[in-house]
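Novice: Sending over query.cif (mmCIF, C-alpha atoms).
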data_start
#
loop_
_atom_site.label_atom_id
_atom_site.label_comp_id
_atom_site.auth_asym_id
_atom_site.auth_seq_id
_atom_site.Cartn_x
_atom_site.Cartn_y
_atom_site.Cartn_z
CA MET J 1 227.25 39.87 186.33
CA ARG J 2 223.64 40.95 186.19
CA ARG J 3 221.39 38.87 183.93
CA PRO J 4 219.51 40.80 181.23
CA LYS J 5 215.87 41.34 182.03
CA LYS J 6 213.63 39.02 180.07
CA ILE J 7 210.76 40.81 178.36
CA ARG J 8 207.49 39.00 178.85
CA VAL J 9 205.61 38.41 175.63
CA ASN J 10 202.00 37.25 175.68
CA GLN J 11 202.14 34.14 173.56
CA SER J 12 198.38 33.68 173.29
CA GLY J 13 196.84 35.32 170.15
CA GLU J 14 193.67 36.45 171.88
CA PHE J 15 192.78 40.11 171.98
CA ASP J 16 189.59 42.14 172.35
CA LEU J 17 188.45 43.74 169.14
CA ASP J 18 187.00 47.20 169.65
CA LEU J 19 183.56 46.90 168.07
CA ALA J 20 182.35 50.32 169.15
CA PRO J 21 183.30 52.21 165.91
CA LEU J 22 181.73 49.43 163.79
CA LEU J 23 178.55 49.65 165.82
CA ALA J 24 178.54 53.43 165.48
CA VAL J 25 178.67 53.10 161.66
CA MET J 26 175.87 50.55 161.69
CA VAL J 27 173.67 52.69 163.89
CA LYS J 28 174.01 55.49 161.32
CA LEU J 29 173.47 53.17 158.33
CA VAL J 30 170.35 51.44 159.61
CA PRO J 31 168.07 54.54 159.68
CA VAL J 32 169.29 55.56 156.19
CA LEU J 33 168.50 52.12 154.78
CA LEU J 34 165.21 51.97 156.65
CA LEU J 35 164.10 55.15 154.90
CA SER J 36 165.07 53.94 151.44
CA SER J 37 163.79 50.39 151.76
CA ALA J 38 160.84 49.16 149.77
CA PHE J 39 159.04 46.54 151.81
CA VAL J 40 156.36 46.18 149.14
CA GLN J 41 158.07 45.76 145.80
CA MET J 42 156.14 47.35 142.98
CA MET J 43 157.06 47.03 139.33
CA VAL J 44 155.50 48.23 136.10
CA ILE J 45 154.40 46.51 132.93
CA GLU J 46 155.81 48.47 130.06
CA THR J 47 156.95 48.04 126.51
CA GLU J 48 160.62 48.92 126.66
CA LEU J 49 162.27 46.28 124.55
CA PRO J 50 165.76 45.14 123.69
CA GLN J 51 167.11 46.82 120.53
CA VAL J 52 167.00 43.59 118.47
CA VAL J 53 163.34 42.98 119.34
CA SER J 54 162.42 46.62 118.61
CA GLU J 55 164.01 46.36 115.15
CA ALA J 56 162.11 43.12 114.47
CA ILE J 57 158.81 44.84 115.38
CA GLN J 58 159.60 47.71 113.01
CA ARG J 59 160.39 45.25 110.20
CA ASN J 60 157.07 43.45 110.78
CA ASP J 61 155.19 46.79 110.76
CA LYS J 62 156.69 47.69 107.38
CA GLN J 63 155.12 44.62 105.72
CA GLU J 64 152.01 45.37 103.64
CA THR J 65 149.97 42.54 105.14
CA PRO J 66 151.76 41.79 108.40
CA THR J 67 150.99 38.69 110.39
CA THR J 68 148.94 39.68 113.41
CA VAL J 69 148.05 37.90 116.63
CA ALA J 70 145.02 39.05 118.59
CA LEU J 71 143.42 37.85 121.81
CA GLU J 72 139.74 38.31 122.53
CA VAL J 73 138.90 37.67 126.15
CA ASP J 74 135.33 36.57 126.73
CA PRO J 75 134.27 35.90 130.35
CA LYS J 76 131.83 33.19 129.19
CA ALA J 77 133.62 31.41 126.34
CA GLY J 78 137.30 31.84 127.24
CA ILE J 79 140.16 33.33 125.22
CA HIS J 80 140.07 33.40 121.43
CA ILE J 81 143.46 33.51 119.69
CA ILE J 82 143.01 35.12 116.28
CA LEU J 83 145.96 34.63 113.95
CA THR J 84 145.87 36.56 110.68
CA VAL J 85 148.38 35.45 108.03
CA LYS J 86 148.24 37.18 104.62
CA GLY J 87 144.69 38.36 105.30
CA LYS J 88 143.42 34.90 106.29
CA GLU J 89 142.08 34.50 109.83
CA LYS J 90 142.49 31.41 111.97
CA VAL J 91 140.72 31.29 115.34
CA GLU J 92 141.64 29.00 118.22
CA THR J 93 139.83 29.05 121.54
CA VAL J 94 141.25 28.36 124.97
CA LYS J 95 138.14 27.38 126.90
CA LEU J 96 137.49 28.13 130.57
CA LEU J 97 138.61 25.48 133.03
CA GLY J 98 136.17 25.22 135.93
CA GLY J 99 134.95 28.77 135.33
CA VAL J 100 138.45 30.31 135.25
CA TYR J 101 140.79 31.13 132.37
CA ASP J 102 143.19 28.35 131.41
CA TYR J 103 146.43 30.35 131.59
CA LYS J 104 148.63 27.28 131.09
CA GLY J 105 146.71 26.26 127.98
CA LEU J 106 146.87 29.84 126.67
CA HIS J 107 150.63 29.99 127.22
CA GLU J 108 151.20 26.68 125.40
CA LYS J 109 149.14 27.84 122.43
CA LEU J 110 150.92 31.20 122.30
CA VAL J 111 154.31 29.44 122.37
CA ALA J 112 153.16 27.34 119.39
CA VAL J 113 152.00 30.48 117.53
CA LYS J 114 155.30 32.20 118.26
CA LYS J 115 157.32 29.19 117.08
CA ALA J 116 155.38 29.26 113.81
CA HIS J 117 155.70 33.05 113.41
CA PRO J 118 158.86 34.21 115.25
CA GLU J 119 158.82 37.56 113.40
CA VAL J 120 155.66 38.71 115.25
CA PHE J 121 156.18 40.54 118.55
CA LYS J 122 153.00 42.57 118.71
CA LEU J 123 149.82 41.28 120.33
CA GLU J 124 146.45 42.95 120.09
CA LEU J 125 144.50 42.46 123.29
CA ASN J 126 140.72 42.93 123.34
CA PRO J 127 139.32 42.09 126.76
CA ASP J 128 135.59 42.27 127.35
CA GLY J 129 134.52 45.16 129.61
CA LYS J 130 133.52 42.74 132.37
CA VAL J 131 136.91 41.01 132.58
CA PRO J 132 138.63 41.89 135.89
CA TYR J 133 141.89 43.83 135.66
CA ASP J 134 143.69 41.03 137.53
CA ASP J 135 142.86 38.58 134.72
CA VAL J 136 143.99 41.08 132.08
CA VAL J 137 147.41 41.38 133.79
CA LYS J 138 147.71 37.57 134.06
CA ILE J 139 146.95 37.17 130.34
CA MET J 140 149.60 39.81 129.54
CA ASP J 141 152.06 37.88 131.71
CA GLU J 142 151.41 34.68 129.77
CA ALA J 143 151.92 36.42 126.44
CA ARG J 144 155.01 38.50 127.18
CA GLN J 145 157.73 35.91 127.74
CA ALA J 146 158.21 32.16 127.48
CA ARG J 147 158.06 30.63 130.96
CA ASP J 148 160.35 27.76 130.00
CA ASN J 149 163.92 29.09 129.92
CA THR J 150 164.90 26.46 127.36
CA VAL J 151 162.38 27.81 124.82
CA HIS J 152 163.94 30.43 122.56
CA PHE J 153 162.81 32.14 119.39
CA PRO J 154 165.12 33.31 116.61
CA VAL J 155 165.41 37.03 115.81
CA PHE J 156 167.64 38.46 113.08
CA ASP J 157 170.10 40.97 114.52
CA THR J 158 171.02 43.47 111.80
CA LYS J 159 174.13 44.69 113.69
CA GLN J 160 175.64 41.20 114.08
CA GLY J 161 174.23 40.03 110.75
CA LYS J 162 173.03 36.74 112.22
CA GLU J 163 170.13 35.20 114.08
CA VAL J 164 170.10 35.50 117.87
CA ASP J 165 167.77 33.88 120.38
CA THR J 166 165.26 35.62 122.61
CA ASN J 167 162.66 34.37 125.06
CA TYR J 168 160.38 37.32 124.37
CA MET J 169 157.14 36.22 122.73
CA PHE J 170 154.73 39.14 122.43
CA PRO J 171 156.19 41.97 124.53
CA GLU J 172 154.34 44.74 122.68
CA ILE J 173 150.77 44.47 123.90
CA ILE J 174 148.22 46.93 122.55
CA PHE J 175 144.71 47.38 123.87
CA THR J 176 143.03 47.70 120.50
CA ASN J 177 139.52 48.13 121.86
CA MET J 178 140.50 51.08 124.07
CA MET J 179 138.86 53.62 121.76
CA GLU J 180 135.63 51.63 121.40
CA GLY J 181 132.51 52.84 123.16
CA MET D 1 185.17 39.29 224.08
CA SER D 2 185.91 40.12 220.49
CA ARG D 3 182.95 40.83 218.23
CA ARG D 4 182.70 38.72 215.15
CA ARG D 5 182.89 40.79 211.96
CA ARG D 6 179.87 40.60 209.72
CA TYR D 7 180.58 39.03 206.32
CA GLU D 8 180.47 41.52 203.47
CA PRO D 9 180.22 40.18 199.93
CA PRO D 10 182.97 41.53 197.65
CA ILE D 11 181.36 44.32 195.61
CA LYS D 12 183.34 46.37 193.16
CA LYS D 13 183.14 49.93 194.25
CA ASN D 14 184.29 51.12 190.83
CA SER D 15 181.17 52.36 188.93
CA THR D 16 182.58 51.96 185.35
CA PHE D 17 181.81 48.73 183.47
CA THR D 18 182.42 47.36 179.99
CA LEU D 19 179.35 46.71 177.86
CA ASN D 20 179.52 43.59 175.76
CA ILE D 21 178.45 44.85 172.32
CA THR D 22 179.31 41.72 170.34
CA SER D 23 175.73 40.42 170.33
CA MET D 24 174.43 43.86 169.44
CA THR D 25 176.85 44.05 166.49
CA ASP D 26 175.63 40.62 165.35
CA MET D 27 172.05 41.86 165.42
CA PHE D 28 172.91 45.01 163.49
CA THR D 29 174.81 43.02 160.86
CA ILE D 30 171.75 40.84 160.21
CA LEU D 31 169.53 43.93 160.09
CA LEU D 32 171.92 45.64 157.69
CA VAL D 33 171.95 42.68 155.29
CA PHE D 34 168.13 42.52 155.35
CA LEU D 35 167.81 46.24 154.68
CA LEU D 36 170.36 46.10 151.86
CA GLN D 37 168.28 43.36 150.23
CA THR D 38 165.15 45.49 150.36
CA TYR D 39 167.01 48.63 149.28
CA ASN D 40 164.99 50.39 146.63
CA THR D 41 167.04 51.21 143.55
CA ALA D 42 164.04 52.49 141.59
CA GLU D 43 164.13 56.00 140.19
CA VAL D 44 160.63 56.63 141.52
CA ASN D 45 158.98 55.65 144.77
CA ILE D 46 155.41 54.50 144.42
CA THR D 47 153.31 54.79 147.54
CA PRO D 48 150.66 52.08 147.72
CA VAL D 49 147.14 53.43 148.07
CA GLU D 50 145.38 52.36 151.26
CA GLY D 51 142.89 49.56 150.74
CA MET D 52 143.93 48.95 147.14
CA ARG D 53 144.89 45.46 146.05
CA LEU D 54 147.23 45.57 143.09
CA PRO D 55 147.51 42.65 140.66
CA THR D 56 150.66 40.54 140.70
CA SER D 57 152.87 40.16 137.68
CA ALA D 58 156.15 38.56 136.64
CA SER D 59 157.32 41.90 135.23
CA MET D 60 160.58 43.17 136.77
CA SER D 61 160.74 46.64 135.22
CA ASN D 62 161.25 49.54 137.58
CA ALA D 63 159.01 52.55 137.43
CA THR D 64 160.18 55.79 135.85
CA GLU D 65 159.01 59.33 136.54
CA ALA D 66 155.42 59.80 135.39
CA ILE D 67 152.07 61.19 136.47
CA LYS D 68 150.69 58.85 139.12
CA ILE D 69 147.04 57.95 138.72
CA SER D 70 145.34 55.65 141.20
CA LEU D 71 142.04 53.92 140.63
CA SER D 72 140.69 52.26 143.75
CA GLY D 73 137.26 50.81 144.44
CA ASP D 74 135.91 54.20 145.53
CA ALA D 75 137.93 57.01 143.92
CA LEU D 76 140.07 58.16 141.02
CA LYS D 77 143.06 60.22 142.16
CA ILE D 78 146.13 61.94 140.76
CA ASP D 79 148.71 61.68 143.57
CA GLN D 80 146.52 62.53 146.60
CA ASN D 81 144.12 64.76 144.69
CA LYS D 82 140.69 63.10 144.38
CA LEU D 83 139.14 63.69 140.96
CA ALA D 84 136.09 61.44 140.76
CA ASP D 85 134.07 58.98 142.83
CA ILE D 86 133.52 55.35 141.93
CA LYS D 87 130.48 53.38 143.06
CA ASN D 88 129.96 49.70 142.29
CA SER D 89 133.09 49.79 140.06
CA GLU D 90 131.53 52.51 137.88
CA PHE D 91 132.14 56.23 137.52
CA LEU D 92 129.24 58.48 138.46
CA PRO D 93 127.25 59.80 135.43
CA GLN D 94 128.03 63.45 136.30
CA ASP D 95 131.78 62.79 135.86
CA LEU D 96 131.31 61.34 132.37
CA GLU D 97 130.64 63.15 129.12
CA ALA D 98 127.01 62.65 128.09
CA LYS D 99 127.83 61.90 124.44
CA ASP D 100 130.98 59.87 125.13
CA THR D 101 130.67 57.71 128.25
CA ASN D 102 134.36 56.72 128.08
CA PHE D 103 135.43 60.32 128.66
CA ILE D 104 136.06 61.27 132.31
CA LYS D 105 135.72 65.06 132.46
CA PRO D 106 137.61 65.80 135.73
CA LEU D 107 140.55 63.58 134.68
CA PHE D 108 140.85 65.27 131.30
CA ALA D 109 140.66 68.73 132.93
CA GLU D 110 143.41 67.89 135.45
CA LEU D 111 145.73 66.26 132.88
CA ASP D 112 145.18 69.19 130.55
CA ARG D 113 145.99 71.62 133.38
CA ILE D 114 149.23 69.72 134.16
CA ALA D 115 150.23 69.60 130.49
CA LYS D 116 149.75 73.37 130.15
CA SER D 117 151.13 74.41 133.55
CA PRO D 118 154.35 76.51 133.15
CA GLU D 119 156.09 74.61 136.00
CA GLU D 120 155.25 71.15 134.69
CA LYS D 121 155.03 71.33 130.90
CA ASP D 122 158.79 71.21 130.25
CA LYS D 123 159.36 68.06 132.29
CA VAL D 124 160.35 65.03 130.19
CA HIS D 125 157.58 62.74 131.46
CA ILE D 126 154.93 65.36 130.67
CA LYS D 127 156.32 65.91 127.17
CA GLU D 128 156.42 62.17 126.52
CA GLY D 129 152.97 61.69 128.09
CA ARG D 130 153.88 59.04 130.65
CA ILE D 131 151.37 57.76 133.20
CA LEU D 132 151.74 55.25 136.02
CA LEU D 133 148.38 53.63 136.71
CA GLN D 134 147.70 51.90 140.01
CA ALA D 135 144.37 50.12 139.78
CA ASP D 136 142.54 47.73 142.07
CA ARG D 137 142.73 44.20 140.69
CA SER D 138 138.99 43.56 141.12
CA LEU D 139 137.91 46.46 138.89
CA PRO D 140 136.50 45.51 135.50
CA TYR D 141 138.44 46.36 132.35
CA ALA D 142 135.61 48.72 131.27
CA THR D 143 136.42 51.09 134.16
CA LEU D 144 140.14 51.04 133.38
CA ARG D 145 139.44 51.57 129.69
CA LYS D 146 137.75 54.89 130.52
CA VAL D 147 140.92 56.10 132.29
CA MET D 148 143.17 54.87 129.46
CA TYR D 149 140.92 56.48 126.84
CA THR D 150 140.72 59.85 128.62
CA ALA D 151 144.49 59.88 129.30
CA SER D 152 145.32 59.25 125.65
CA MET D 153 142.85 61.97 124.62
CA ALA D 154 144.64 64.38 126.99
CA GLY D 155 148.00 63.62 125.34
CA PHE D 156 149.25 60.93 127.74
CA PRO D 157 149.41 57.74 125.65
CA GLN D 158 152.33 56.03 127.44
CA LEU D 159 150.54 54.07 130.11
CA LYS D 160 152.43 51.86 132.53
CA LEU D 161 150.54 49.51 134.80
CA VAL D 162 151.81 49.22 138.38
CA THR D 163 151.88 45.66 139.69
CA LEU D 164 153.23 43.78 142.68
CA VAL D 165 156.11 41.37 142.32
CA GLY D 166 154.94 37.78 142.18
CA GLU D 167 153.57 35.05 139.99
#
Could I get this file's structure written as structure tokens?
Specialist:
Amino acid sequence: MRRPKKIRVNQSGEFDLDLAPLLAVMVKLVPVLLLSSAFVQMMVIETELPQVVSEAIQRNDKQETPTTVALEVDPKAGIHIILTVKGKEKVETVKLLGGVYDYKGLHEKLVAVKKAHPEVFKLELNPDGKVPYDDVVKIMDEARQARDNTVHFPVFDTKQGKEVDTNYMFPEIIFTNMMEG
Amino acid sequence: MSRRRRYEPPIKKNSTFTLNITSMTDMFTILLVFLLQTYNTAEVNITPVEGMRLPTSASMSNATEAIKISLSGDALKIDQNKLADIKNSEFLPQDLEAKDTNFIKPLFAELDRIAKSPEEKDKVHIKEGRILLQADRSLPYATLRKVMYTASMAGFPQLKLVTLVGE
């Protein structure tokens, strides 16, 4: 009797993957992504705020004598922090360190002001005309948000009916001397 | 006498060959990941002005559609349209209003034209008065203040400052 023919099966699991279609897709994707890539990332400084913070600003604006925080930037003396509470002014100065603005010192003082007055979100910025734009942006950076992620300030959320935490300090920055001559 | 046959190295006469594309696929995969990381999701593309050094900021807000004003060390422009010259970080006296030195006449005229133009006036960013300002980081605040002042006088009070990502 004739023996049945044994079918040879390749026991090894190796096979050649056809990479050509994958490569074809990639070749098409790369030019598309190249066109829409931003190699220099540019952002904007704006005043779009979370809803809770916006409401808190509106509440502070409605007060008859709201607490205000102002910064006067003087290229010779440094940065004056002017805090006005119930019409009374208190001035603190962050002096220059080796001829440059002490941004760290400014940030620490602003954190202290914010901790004492968490309801204030608006900051009036009055830089001298000679102050370079770069320094103005750095000062705005120091005032906008707390650098330390563990530092939070309480804000009352009217929707939830309770206090929530935010790391925003003075996100609404207004150039109050813009209209001056 | 039999002649000895010359040795011929075995050469495949068949002209087809298989290209090994594995390494090329590897390269493309790395390139694809890099490009996906730099993929711009912003609504608006901002083209950096040649020779301008923007300030760096920790802000991570993307730009929205607005009128693009650039203020470099030598010119004030809207898009690519040059409006005024700048020398020694100052506007030239002929571009400023005699009675109000914060008022830049060509900038006001151009913004006013855009605000009244039938093709532009109904756009949301024109109605809301949004401006994206790219300014050289070495310019003094006094020069920027003139642009901000004139823009707000022309009905464009929403100013957004363009910065580079960084600390």
Novice: Provide as a PyMOL selection string the residues of chain J at most 7 Å from chain D, counting only C-alpha atoms.
Specialist: chain J and resi 19+23+26+30+33-34+36-39+41-46+129-134+137-138+141+178-179+181
Novice: Would you work out the distance separating atom CA of D:Gln80 from atom CA of D:Lys127, expressed in Å to one decimal?
Specialist: 22.0 Å
Novice: Give me, please, the distance in Å between atom CA of J:Lys86 and atom CA of J:Val69, quoted to one decimal.
Specialist: 12.0 Å
Novice: Record the distance separating atom CA of D:Glu128 and atom CA of D:Ala154, expressed in Å with one decimal.
Specialist: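 Rounded to one decimal, the two atoms are 12.0 Å apart.
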Novice: Which is closest to J:Ala116 among J:Ala146, J:Leu17, J:Val85, J:Ile174, if we use only C-alpha atoms?
Specialist: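 Of the candidates, the smallest distance to J:Ala116 is held by J:Val85.
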Novice: Is it possible to add N, CA and C atoms to stretch 76-109 of chain J and hand it back as a PDB file, keeping the file's coordinate frame?
Specialist:
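Everything below was put into part-v7.pdb:
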ATOM      1  N   LYS J  76     132.677  34.401 129.247  1.00  0.00           N
ATOM      2  CA  LYS J  76     131.830  33.190 129.190  1.00  0.00           C
ATOM      3  C   LYS J  76     132.478  32.069 128.369  1.00  0.00           C
ATOM      4  N   ALA J  77     133.088  32.437 127.245  1.00  0.00           N
ATOM      5  CA  ALA J  77     133.620  31.410 126.340  1.00  0.00           C
ATOM      6  C   ALA J  77     135.096  31.088 126.578  1.00  0.00           C
ATOM      7  N   GLY J  78     135.861  32.048 127.056  1.00  0.00           N
ATOM      8  CA  GLY J  78     137.300  31.840 127.240  1.00  0.00           C
ATOM      9  C   GLY J  78     138.100  32.838 126.422  1.00  0.00           C
ATOM     10  N   ILE J  79     139.284  32.410 125.961  1.00  0.00           N
ATOM     11  CA  ILE J  79     140.160  33.330 125.220  1.00  0.00           C
ATOM     12  C   ILE J  79     140.289  32.846 123.776  1.00  0.00           C
ATOM     13  N   HIS J  80     139.937  33.727 122.851  1.00  0.00           N
ATOM     14  CA  HIS J  80     140.070  33.400 121.430  1.00  0.00           C
ATOM     15  C   HIS J  80     141.405  33.950 120.923  1.00  0.00           C
ATOM     16  N   ILE J  81     142.192  33.074 120.302  1.00  0.00           N
ATOM     17  CA  ILE J  81     143.460  33.510 119.690  1.00  0.00           C
ATOM     18  C   ILE J  81     143.195  33.651 118.194  1.00  0.00           C
ATOM     19  N   ILE J  82     143.291  34.875 117.703  1.00  0.00           N
ATOM     20  CA  ILE J  82     143.010  35.120 116.280  1.00  0.00           C
ATOM     21  C   ILE J  82     144.325  35.409 115.563  1.00  0.00           C
ATOM     22  N   LEU J  83     144.723  34.490 114.708  1.00  0.00           N
ATOM     23  CA  LEU J  83     145.960  34.630 113.950  1.00  0.00           C
ATOM     24  C   LEU J  83     145.618  35.002 112.510  1.00  0.00           C
ATOM     25  N   THR J  84     146.141  36.123 112.055  1.00  0.00           N
ATOM     26  CA  THR J  84     145.870  36.560 110.680  1.00  0.00           C
ATOM     27  C   THR J  84     147.169  36.499 109.878  1.00  0.00           C
ATOM     28  N   VAL J  85     147.197  35.594 108.895  1.00  0.00           N
ATOM     29  CA  VAL J  85     148.380  35.450 108.030  1.00  0.00           C
ATOM     30  C   VAL J  85     147.940  35.737 106.595  1.00  0.00           C
ATOM     31  N   LYS J  86     148.560  36.745 105.992  1.00  0.00           N
ATOM     32  CA  LYS J  86     148.240  37.180 104.620  1.00  0.00           C
ATOM     33  C   LYS J  86     146.730  37.384 104.433  1.00  0.00           C
ATOM     34  N   GLY J  87     146.116  38.025 105.386  1.00  0.00           N
ATOM     35  CA  GLY J  87     144.690  38.360 105.300  1.00  0.00           C
ATOM     36  C   GLY J  87     143.746  37.230 105.700  1.00  0.00           C
ATOM     37  N   LYS J  88     144.287  36.030 105.916  1.00  0.00           N
ATOM     38  CA  LYS J  88     143.420  34.900 106.290  1.00  0.00           C
ATOM     39  C   LYS J  88     143.424  34.716 107.812  1.00  0.00           C
ATOM     40  N   GLU J  89     142.228  34.616 108.375  1.00  0.00           N
ATOM     41  CA  GLU J  89     142.080  34.500 109.830  1.00  0.00           C
ATOM     42  C   GLU J  89     141.951  33.046 110.278  1.00  0.00           C
ATOM     43  N   LYS J  90     142.615  32.739 111.367  1.00  0.00           N
ATOM     44  CA  LYS J  90     142.490  31.410 111.970  1.00  0.00           C
ATOM     45  C   LYS J  90     142.226  31.624 113.462  1.00  0.00           C
ATOM     46  N   VAL J  91     141.094  31.065 113.929  1.00  0.00           N
ATOM     47  CA  VAL J  91     140.720  31.290 115.340  1.00  0.00           C
ATOM     48  C   VAL J  91     140.863  29.996 116.143  1.00  0.00           C
ATOM     49  N   GLU J  92     141.522  30.125 117.269  1.00  0.00           N
ATOM     50  CA  GLU J  92     141.640  29.000 118.220  1.00  0.00           C
ATOM     51  C   GLU J  92     141.100  29.479 119.560  1.00  0.00           C
ATOM     52  N   THR J  93     140.397  28.617 120.256  1.00  0.00           N
ATOM     53  CA  THR J  93     139.830  29.050 121.540  1.00  0.00           C
ATOM     54  C   THR J  93     140.414  28.254 122.703  1.00  0.00           C
ATOM     55  N   VAL J  94     140.805  28.996 123.726  1.00  0.00           N
ATOM     56  CA  VAL J  94     141.250  28.360 124.970  1.00  0.00           C
ATOM     57  C   VAL J  94     140.058  28.469 125.924  1.00  0.00           C
ATOM     58  N   LYS J  95     139.380  27.348 126.112  1.00  0.00           N
ATOM     59  CA  LYS J  95     138.140  27.380 126.900  1.00  0.00           C
ATOM     60  C   LYS J  95     138.412  27.543 128.399  1.00  0.00           C
ATOM     61  N   LEU J  96     137.374  27.973 129.115  1.00  0.00           N
ATOM     62  CA  LEU J  96     137.490  28.130 130.570  1.00  0.00           C
ATOM     63  C   LEU J  96     137.646  26.756 131.220  1.00  0.00           C
ATOM     64  N   LEU J  97     138.419  26.736 132.277  1.00  0.00           N
ATOM     65  CA  LEU J  97     138.610  25.480 133.030  1.00  0.00           C
ATOM     66  C   LEU J  97     137.989  25.684 134.414  1.00  0.00           C
ATOM     67  N   GLY J  98     136.850  25.055 134.635  1.00  0.00           N
ATOM     68  CA  GLY J  98     136.170  25.220 135.930  1.00  0.00           C
ATOM     69  C   GLY J  98     135.774  26.653 136.209  1.00  0.00           C
ATOM     70  N   GLY J  99     135.402  27.379 135.171  1.00  0.00           N
ATOM     71  CA  GLY J  99     134.950  28.770 135.330  1.00  0.00           C
ATOM     72  C   GLY J  99     136.058  29.805 135.347  1.00  0.00           C
ATOM     73  N   VAL J 100     137.325  29.348 135.283  1.00  0.00           N
ATOM     74  CA  VAL J 100     138.450  30.310 135.250  1.00  0.00           C
ATOM     75  C   VAL J 100     139.255  30.130 133.960  1.00  0.00           C
ATOM     76  N   TYR J 101     140.002  31.176 133.613  1.00  0.00           N
ATOM     77  CA  TYR J 101     140.790  31.130 132.370  1.00  0.00           C
ATOM     78  C   TYR J 101     141.928  30.109 132.512  1.00  0.00           C
ATOM     79  N   ASP J 102     142.131  29.371 131.429  1.00  0.00           N
ATOM     80  CA  ASP J 102     143.190  28.350 131.410  1.00  0.00           C
ATOM     81  C   ASP J 102     144.496  29.036 130.954  1.00  0.00           C
ATOM     82  N   TYR J 103     145.213  29.592 131.916  1.00  0.00           N
ATOM     83  CA  TYR J 103     146.430  30.350 131.590  1.00  0.00           C
ATOM     84  C   TYR J 103     147.532  29.450 131.018  1.00  0.00           C
ATOM     85  N   LYS J 104     147.602  28.223 131.558  1.00  0.00           N
ATOM     86  CA  LYS J 104     148.630  27.280 131.090  1.00  0.00           C
ATOM     87  C   LYS J 104     148.375  26.919 129.625  1.00  0.00           C
ATOM     88  N   GLY J 105     147.101  26.620 129.353  1.00  0.00           N
ATOM     89  CA  GLY J 105     146.710  26.260 127.980  1.00  0.00           C
ATOM     90  C   GLY J 105     146.956  27.418 127.029  1.00  0.00           C
ATOM     91  N   LEU J 106     146.663  28.642 127.489  1.00  0.00           N
ATOM     92  CA  LEU J 106     146.870  29.840 126.670  1.00  0.00           C
ATOM     93  C   LEU J 106     148.361  30.012 126.358  1.00  0.00           C
ATOM     94  N   HIS J 107     149.184  29.825 127.390  1.00  0.00           N
ATOM     95  CA  HIS J 107     150.630  29.990 127.220  1.00  0.00           C
ATOM     96  C   HIS J 107     151.179  28.980 126.205  1.00  0.00           C
ATOM     97  N   GLU J 108     150.736  27.733 126.331  1.00  0.00           N
ATOM     98  CA  GLU J 108     151.200  26.680 125.400  1.00  0.00           C
ATOM     99  C   GLU J 108     150.820  27.013 123.960  1.00  0.00           C
ATOM    100  N   LYS J 109     149.592  27.505 123.784  1.00  0.00           N
ATOM    101  CA  LYS J 109     149.140  27.840 122.430  1.00  0.00           C
ATOM    102  C   LYS J 109     149.894  29.056 121.884  1.00  0.00           C
TER     103      LYS J 109
END
